[in-house]
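I have placed the structure first, in the form of structure tokens, so that the comments after it can refer back to it.
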Amino acid sequence: MHATLPLLRRTDFPALKRRVLDTLQINLGYRCNQSCLHCHVNAGPKRTEEMTAETIDAVIDFIAASPAVTTLDLTGGAPELNPQFRRLVIAARARGLRVIDRCNLTILEEPGFEDMAAFLAGHRVEIVASLPCYLEENVDQQRGKGVFESSLRGLRQLNALGYGVDGSGLLLNLVYNPQGPSLPPPQVALQAAYKQHLGEKYGVAFNELFTLANMPIQRFGSMLISKGQF
């Protein structure tokens with residue numbers, strides 16, 4: 001793994017000032033069932049770091065004592081792999097919070113997680129799902145062979161439960177990110193292309209597409225260095 005921190009440039013970007021905290025994003029751990037090239041936290045199956053039950057308790061206590069917090073955003077790794085994931089979701093939803101699960105879709109096919117999609121739907125969890133392209137070749141190149149087909153099966157499973165379907169209230173949003181040292185294209189145009197391609201060719205529906213730029217650190221940064229692109 002190439003070190004990226006020494007290559008990051010110092011800037012005069014203004015200091016950030018915190019105002020009211022209404023969204024709490026929690027990284028539940030670096031364990032993941034994938035090892036994507038673009039991952040800026042170097043998550044993967046061999047990572048063991050994860051949020052403990054005691055810290056989860058502290059998060060729940062914080063939510064209970066913080067009425068301004070209205071959204072809980074869960075990420076990882078694959079956040080669902082943390083044994084405390086369901087307990088945290090249930091606790092947050094019982095307090096009326098909007099809960100977002102940053103899902104990689106393929107976790108829905110992992111042994112022991114076959115009921116995860118139904119759990120998310122039952123608790124009306126909003127899903128923000130990674131799908132870095134609507135073309136199979138590009139997805140498999142970035143995320144591993146077979147990931148695209150597994151992701152499609154996950155999307156169809158979610159659609160069958162009402163996710164991405166007009167009027168259901170179950171939100172399913174997708175995320176695009178570039179595979180190299182470039183910025184993403186305009187979000188509105190790319191969303192239209194995603195909807196047309198996935199809908200017409202695969203019968204898959206979703207609500208919105210979010211485009212983002214990758215942080216050039218950890219595995220993604222190391223890959224850029226190896227290719228002479230950093």
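Each chain in the structure tokens gets a letter, A, B, ..., in the order shown, and its residues are numbered from 1; ligands are numbered from 1 in order too.
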
Worksheet item: So which residues touch range 204-210 of chain A within 12 Å, counting only C-alpha atoms, skipping near sequence neighbours fewer than 2 positions away, as a ChimeraX atom specification?
Response: /A:126-134,151-178,184-202,212-213

Item to complete: Might you pull out every residue within 10 Å of range 83-87 of chain A, with only C-alpha atoms counted and same-chain residues fewer than 2 positions away left off, and present them as number ranges by chain?
Response: A: 28, 50-54, 56-57, 60, 74, 79-81, 89-92, 101, 116, 119-120, 123

Worksheet entry | Counting only C-alpha atoms, the residue of A:Val125, A:Leu135, A:Ala78, A:Val147 that sits nearest Asn27 in chain A | A:Ala78

Discussion item. I'd like to know which residues of range 48-217 of chain A are strand (DSSP E or B) (by DSSP, run on the backbone); could you write them as a PyMOL selection string?
Written reply: chain A and resi 50+71-75+98-103+126-130+172-176+209-211

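Ranking A:Gln179, A:Thr75, A:Ser66, A:Thr11 by their shortest atom-to-atom distance to Asn104 in chain A, with only C-alpha atoms included, puts A:Thr75 first.
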
Fill in: DSSP-assigned alpha helix (DSSP H) among range 30-197 of chain A, expressed as a PyMOL selection string
chain A and resi 53-64+85-94+116-122+136-143+147-160+187-197

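Every protein or nucleic acid residue with an atom no more than 12 Å from Asp22 in chain A, counting only C-alpha atoms and leaving out same-chain residues fewer than 2 positions away, appears here: A:Arg18, A:Arg19, A:Val20, A:Leu24, A:Gln25, A:Ile63, A:Ser66, A:Pro67, A:Ala68, A:Val69, A:Thr70, A:Thr71, A:Leu72, A:Asp73, A:Leu97, A:Arg98.
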
Could you save those same residues with N, CA and C atoms as a PDB file, in the first residue's frame?
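Saved the output as part.pdb:
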ATOM      1  N   ARG A  18     -18.895  24.187  12.870  1.00  0.00           N
ATOM      2  CA  ARG A  18     -20.087  23.374  13.098  1.00  0.00           C
ATOM      3  C   ARG A  18     -21.248  24.221  13.597  1.00  0.00           C
ATOM      4  N   ARG A  19     -22.409  23.958  13.026  1.00  0.00           N
ATOM      5  CA  ARG A  19     -23.623  24.581  13.525  1.00  0.00           C
ATOM      6  C   ARG A  19     -24.464  23.491  14.209  1.00  0.00           C
ATOM      7  N   VAL A  20     -25.756  23.512  14.003  1.00  0.00           N
ATOM      8  CA  VAL A  20     -26.603  22.504  14.635  1.00  0.00           C
ATOM      9  C   VAL A  20     -26.378  21.144  13.975  1.00  0.00           C
ATOM     10  N   LEU A  24     -26.232  12.451  11.840  1.00  0.00           N
ATOM     11  CA  LEU A  24     -25.156  11.728  12.501  1.00  0.00           C
ATOM     12  C   LEU A  24     -24.739  10.569  11.598  1.00  0.00           C
ATOM     13  N   GLN A  25     -23.522  10.656  11.039  1.00  0.00           N
ATOM     14  CA  GLN A  25     -23.025   9.569  10.203  1.00  0.00           C
ATOM     15  C   GLN A  25     -22.088   8.696  11.023  1.00  0.00           C
ATOM     16  N   ILE A  63     -28.249   9.861  20.667  1.00  0.00           N
ATOM     17  CA  ILE A  63     -29.450  10.152  19.878  1.00  0.00           C
ATOM     18  C   ILE A  63     -30.612  10.533  20.796  1.00  0.00           C
ATOM     19  N   SER A  66     -30.290  14.049  22.005  1.00  0.00           N
ATOM     20  CA  SER A  66     -30.036  15.070  20.980  1.00  0.00           C
ATOM     21  C   SER A  66     -31.250  15.204  20.069  1.00  0.00           C
ATOM     22  N   PRO A  67     -32.247  15.992  20.478  1.00  0.00           N
ATOM     23  CA  PRO A  67     -33.464  16.126  19.667  1.00  0.00           C
ATOM     24  C   PRO A  67     -33.236  16.761  18.307  1.00  0.00           C
ATOM     25  N   ALA A  68     -32.116  17.479  18.132  1.00  0.00           N
ATOM     26  CA  ALA A  68     -31.843  18.103  16.827  1.00  0.00           C
ATOM     27  C   ALA A  68     -31.426  17.073  15.789  1.00  0.00           C
ATOM     28  N   VAL A  69     -30.943  15.913  16.224  1.00  0.00           N
ATOM     29  CA  VAL A  69     -30.528  14.864  15.292  1.00  0.00           C
ATOM     30  C   VAL A  69     -31.760  14.180  14.737  1.00  0.00           C
ATOM     31  N   THR A  70     -31.944  14.274  13.430  1.00  0.00           N
ATOM     32  CA  THR A  70     -33.119  13.680  12.782  1.00  0.00           C
ATOM     33  C   THR A  70     -32.760  12.576  11.792  1.00  0.00           C
ATOM     34  N   THR A  71     -31.455  12.461  11.465  1.00  0.00           N
ATOM     35  CA  THR A  71     -31.020  11.471  10.478  1.00  0.00           C
ATOM     36  C   THR A  71     -29.821  10.698  11.008  1.00  0.00           C
ATOM     37  N   LEU A  72     -29.865   9.368  10.863  1.00  0.00           N
ATOM     38  CA  LEU A  72     -28.735   8.503  11.186  1.00  0.00           C
ATOM     39  C   LEU A  72     -28.270   7.847   9.893  1.00  0.00           C
ATOM     40  N   ASP A  73     -27.024   8.108   9.514  1.00  0.00           N
ATOM     41  CA  ASP A  73     -26.459   7.652   8.245  1.00  0.00           C
ATOM     42  C   ASP A  73     -25.407   6.592   8.556  1.00  0.00           C
ATOM     43  N   LEU A  97     -36.197   8.564  13.889  1.00  0.00           N
ATOM     44  CA  LEU A  97     -35.143   9.080  13.025  1.00  0.00           C
ATOM     45  C   LEU A  97     -35.250   8.505  11.617  1.00  0.00           C
ATOM     46  N   ARG A  98     -34.855   9.313  10.658  1.00  0.00           N
ATOM     47  CA  ARG A  98     -34.630   8.832   9.298  1.00  0.00           C
ATOM     48  C   ARG A  98     -33.314   8.060   9.324  1.00  0.00           C
TER      49      ARG A  98
END
